[in-house]
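Only one structure is covered here, and it is reproduced in the block below.
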Amino acid sequence: MKLTRTEKKLISLLAVNVNELVTYEDISSVVWKGKEFSIYSLRNVVKNIREKTDELFIKNSSNRGYIINKI
């Protein structure tokens, strides 16, 4: 399983905040460094991570952000 740079950044951010909501704003500032990105890009990254790991690895919090489940 090979992760992209963006996937690694997102997992690292979520791992630092295990069981805590990481908002879209936080993800934007850390993963995309504040650059414009679409919510669809983020969803695609999450989908790819889930395919490479486990479907339940990352939990979505509707219209707010993501939470990584305790491993």
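By convention here, the chains of the structure tokens are called A, B, ... in the order presented, each chain's residues are numbered starting at 1, and ligands are numbered starting at 1 in the order presented.
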For Thr6 (chain A), work out the shell of residues within 8 Å, counting only C-alpha atoms and skipping chain neighbours fewer than 2 positions away, then give it as a ChimeraX atom specification. /A:4,8-10,31,45
Which residues, written as a JSON list (two decimals) with N, CA and C atoms, in the first residue's frame, have at least one atom at most 12 Å from Val46 (chain A), with only C-alpha atoms counted and residues fewer than 2 positions away on the same chain left out?
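Just written: selection13.json:
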```json
[["chain", "number", "residue", "atom", "x", "y", "z"],
["A", 3, "LEU", "N", 0.90, 5.34, -0.06],
["A", 3, "LEU", "CA", 0.08, 6.54, 0.14],
["A", 3, "LEU", "C", 0.70, 7.73, -0.58],
["A", 4, "THR", "N", -0.15, 8.61, -1.07],
["A", 4, "THR", "CA", 0.34, 9.84, -1.68],
["A", 4, "THR", "C", 0.75, 10.81, -0.57],
["A", 6, "THR", "N", -0.39, 13.79, -0.03],
["A", 6, "THR", "CA", -1.60, 14.38, 0.56],
["A", 6, "THR", "C", -2.26, 13.41, 1.53],
["A", 7, "GLU", "N", -2.33, 12.14, 1.16],
["A", 7, "GLU", "CA", -2.92, 11.14, 2.04],
["A", 7, "GLU", "C", -2.13, 11.03, 3.34],
["A", 8, "LYS", "N", -0.80, 11.05, 3.25],
["A", 8, "LYS", "CA", 0.05, 10.99, 4.44],
["A", 8, "LYS", "C", -0.18, 12.20, 5.34],
["A", 9, "LYS", "N", -0.26, 13.39, 4.74],
["A", 9, "LYS", "CA", -0.49, 14.60, 5.52],
["A", 9, "LYS", "C", -1.81, 14.54, 6.27],
["A", 10, "LEU", "N", -2.86, 14.07, 5.58],
["A", 10, "LEU", "CA", -4.17, 13.98, 6.21],
["A", 10, "LEU", "C", -4.16, 12.96, 7.35],
["A", 11, "ILE", "N", -3.58, 11.79, 7.12],
["A", 11, "ILE", "CA", -3.51, 10.78, 8.17],
["A", 11, "ILE", "C", -2.71, 11.29, 9.37],
["A", 14, "LEU", "N", -4.86, 13.78, 11.33],
["A", 14, "LEU", "CA", -5.91, 13.09, 12.07],
["A", 14, "LEU", "C", -5.34, 12.27, 13.22],
["A", 27, "ILE", "N", -8.00, 21.08, 8.22],
["A", 27, "ILE", "CA", -7.47, 20.25, 7.14],
["A", 27, "ILE", "C", -6.94, 21.13, 6.02],
["A", 39, "ILE", "N", -14.20, 20.41, -1.73],
["A", 39, "ILE", "CA", -14.62, 19.38, -0.80],
["A", 39, "ILE", "C", -14.57, 18.01, -1.48],
["A", 40, "TYR", "N", -14.74, 18.01, -2.78],
["A", 40, "TYR", "CA", -14.69, 16.76, -3.54],
["A", 40, "TYR", "C", -13.27, 16.21, -3.58],
["A", 41, "SER", "N", -12.27, 17.09, -3.61],
["A", 41, "SER", "CA", -10.88, 16.64, -3.55],
["A", 41, "SER", "C", -10.61, 15.96, -2.22],
["A", 42, "LEU", "N", -11.08, 16.57, -1.15],
["A", 42, "LEU", "CA", -10.90, 16.00, 0.18],
["A", 42, "LEU", "C", -11.61, 14.65, 0.29],
["A", 43, "ARG", "N", -12.84, 14.59, -0.17],
["A", 43, "ARG", "CA", -13.59, 13.33, -0.12],
["A", 43, "ARG", "C", -12.89, 12.23, -0.91],
["A", 44, "ASN", "N", -12.30, 12.61, -2.03],
["A", 44, "ASN", "CA", -11.57, 11.65, -2.86],
["A", 44, "ASN", "C", -10.34, 11.12, -2.13],
["A", 48, "ASN", "N", -9.73, 7.25, -1.02],
["A", 48, "ASN", "CA", -8.53, 6.49, -1.36],
["A", 48, "ASN", "C", -7.86, 5.91, -0.12],
["A", 49, "ILE", "N", -7.82, 6.67, 0.96],
["A", 49, "ILE", "CA", -7.25, 6.17, 2.21],
["A", 49, "ILE", "C", -8.06, 4.98, 2.72],
["A", 50, "ARG", "N", -9.37, 5.10, 2.67],
["A", 50, "ARG", "CA", -10.23, 4.00, 3.13],
["A", 50, "ARG", "C", -10.01, 2.75, 2.29],
["A", 51, "GLU", "N", -9.83, 2.92, 1.00],
["A", 51, "GLU", "CA", -9.59, 1.77, 0.12],
["A", 51, "GLU", "C", -8.26, 1.09, 0.44],
["A", 52, "LYS", "N", -7.27, 1.89, 0.84],
["A", 52, "LYS", "CA", -5.94, 1.36, 1.13],
["A", 52, "LYS", "C", -5.80, 0.84, 2.56],
["A", 53, "THR", "N", -6.72, 1.24, 3.44],
["A", 53, "THR", "CA", -6.63, 0.82, 4.83],
["A", 53, "THR", "C", -7.88, 0.04, 5.22],
["A", 54, "ASP", "N", -8.79, 0.71, 5.87],
["A", 54, "ASP", "CA", -10.01, 0.08, 6.34],
["A", 54, "ASP", "C", -11.15, 1.08, 6.18],
["A", 55, "GLU", "N", -12.30, 0.59, 5.82],
["A", 55, "GLU", "CA", -13.47, 1.44, 5.58],
["A", 55, "GLU", "C", -13.82, 2.28, 6.81],
["A", 56, "LEU", "N", -13.56, 1.74, 8.01],
["A", 56, "LEU", "CA", -13.94, 2.41, 9.25],
["A", 56, "LEU", "C", -12.81, 3.24, 9.85],
["A", 57, "PHE", "N", -11.69, 3.33, 9.15],
["A", 57, "PHE", "CA", -10.50, 4.03, 9.65],
["A", 57, "PHE", "C", -10.77, 5.52, 9.91],
["A", 58, "ILE", "N", -11.46, 6.17, 8.99],
["A", 58, "ILE", "CA", -11.76, 7.59, 9.10],
["A", 58, "ILE", "C", -13.26, 7.77, 9.11],
["A", 59, "LYS", "N", -13.75, 8.50, 10.09],
["A", 59, "LYS", "CA", -15.19, 8.74, 10.22],
["A", 59, "LYS", "C", -15.50, 10.18, 9.81],
["A", 60, "ASN", "N", -16.55, 10.33, 9.03],
["A", 60, "ASN", "CA", -16.99, 11.65, 8.58],
["A", 60, "ASN", "C", -17.96, 12.25, 9.60],
["A", 65, "GLY", "N", -16.12, 17.93, 9.36],
["A", 65, "GLY", "CA", -14.74, 17.46, 9.25],
["A", 65, "GLY", "C", -14.66, 15.96, 9.38],
["A", 66, "TYR", "N", -13.51, 15.48, 9.85],
["A", 66, "TYR", "CA", -13.27, 14.05, 9.96],
["A", 66, "TYR", "C", -12.66, 13.70, 11.32],
["A", 67, "ILE", "N", -12.85, 12.46, 11.71],
["A", 67, "ILE", "CA", -12.30, 11.93, 12.95],
["A", 67, "ILE", "C", -11.63, 10.61, 12.61],
["A", 68, "ILE", "N", -10.44, 10.40, 13.16],
["A", 68, "ILE", "CA", -9.79, 9.10, 12.96],
["A", 68, "ILE", "C", -10.16, 8.24, 14.16]]
```
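Of the listed residues (A:Lys2, A:Lys47, A:Arg64, A:Lys70), A:Arg64 comes nearest to Val22 (chain A); the distances count only C-alpha atoms.
CA of Glu20 (chain A) to CA of Met1 (chain A) spans 25.7 Å [interatomic distance, one decimal].
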Write out as a JSON list (two decimals) with all heavy atoms, in the first residue's frame the set of residues from region 9-63 of chain A that DSSP, computed on the backbone, places in strand (DSSP E).
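After the write, out_0.json holds the following:
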```
[["chain", "number", "residue", "atom", "x", "y", "z"],
["A", 22, "VAL", "N", -11.50, 16.94, 13.43],
["A", 22, "VAL", "CA", -10.60, 17.85, 12.72],
["A", 22, "VAL", "C", -11.45, 18.52, 11.64],
["A", 22, "VAL", "O", -11.99, 17.86, 10.76],
["A", 22, "VAL", "CB", -9.40, 17.09, 12.09],
["A", 22, "VAL", "CG1", -8.51, 18.06, 11.33],
["A", 22, "VAL", "CG2", -8.61, 16.35, 13.16],
["A", 23, "THR", "N", -11.61, 19.83, 11.77],
["A", 23, "THR", "CA", -12.52, 20.56, 10.88],
["A", 23, "THR", "C", -11.93, 20.71, 9.48],
["A", 23, "THR", "O", -10.72, 20.58, 9.28],
["A", 23, "THR", "CB", -12.81, 21.96, 11.43],
["A", 23, "THR", "OG1", -11.58, 22.72, 11.43],
["A", 23, "THR", "CG2", -13.39, 21.91, 12.83],
["A", 58, "ILE", "N", -11.46, 6.17, 8.99],
["A", 58, "ILE", "CA", -11.76, 7.59, 9.10],
["A", 58, "ILE", "C", -13.26, 7.77, 9.11],
["A", 58, "ILE", "O", -13.95, 7.25, 8.24],
["A", 58, "ILE", "CB", -11.14, 8.40, 7.94],
["A", 58, "ILE", "CG1", -9.61, 8.28, 7.96],
["A", 58, "ILE", "CG2", -11.56, 9.86, 8.02],
["A", 58, "ILE", "CD1", -8.94, 8.93, 6.78],
["A", 59, "LYS", "N", -13.75, 8.50, 10.09],
["A", 59, "LYS", "CA", -15.19, 8.74, 10.22],
["A", 59, "LYS", "C", -15.50, 10.18, 9.81],
["A", 59, "LYS", "O", -14.81, 11.11, 10.20],
["A", 59, "LYS", "CB", -15.61, 8.50, 11.67],
["A", 59, "LYS", "CG", -17.09, 8.64, 11.90],
["A", 59, "LYS", "CD", -17.43, 8.38, 13.36],
["A", 59, "LYS", "CE", -18.90, 8.64, 13.56],
["A", 59, "LYS", "NZ", -19.19, 9.17, 14.87],
["A", 60, "ASN", "N", -16.55, 10.33, 9.03],
["A", 60, "ASN", "CA", -16.99, 11.65, 8.58],
["A", 60, "ASN", "C", -17.96, 12.25, 9.60],
["A", 60, "ASN", "O", -18.81, 11.57, 10.13],
["A", 60, "ASN", "CB", -17.70, 11.51, 7.23],
["A", 60, "ASN", "CG", -18.18, 12.83, 6.70],
["A", 60, "ASN", "OD1", -17.55, 13.84, 6.89],
["A", 60, "ASN", "ND2", -19.31, 12.81, 6.02],
["A", 61, "SER", "N", -17.78, 13.53, 9.86],
["A", 61, "SER", "CA", -18.74, 14.27, 10.68],
["A", 61, "SER", "C", -19.39, 15.27, 9.74],
["A", 61, "SER", "O", -18.76, 16.25, 9.33],
["A", 61, "SER", "CB", -18.03, 14.97, 11.83],
["A", 61, "SER", "OG", -18.96, 15.66, 12.62]]
```
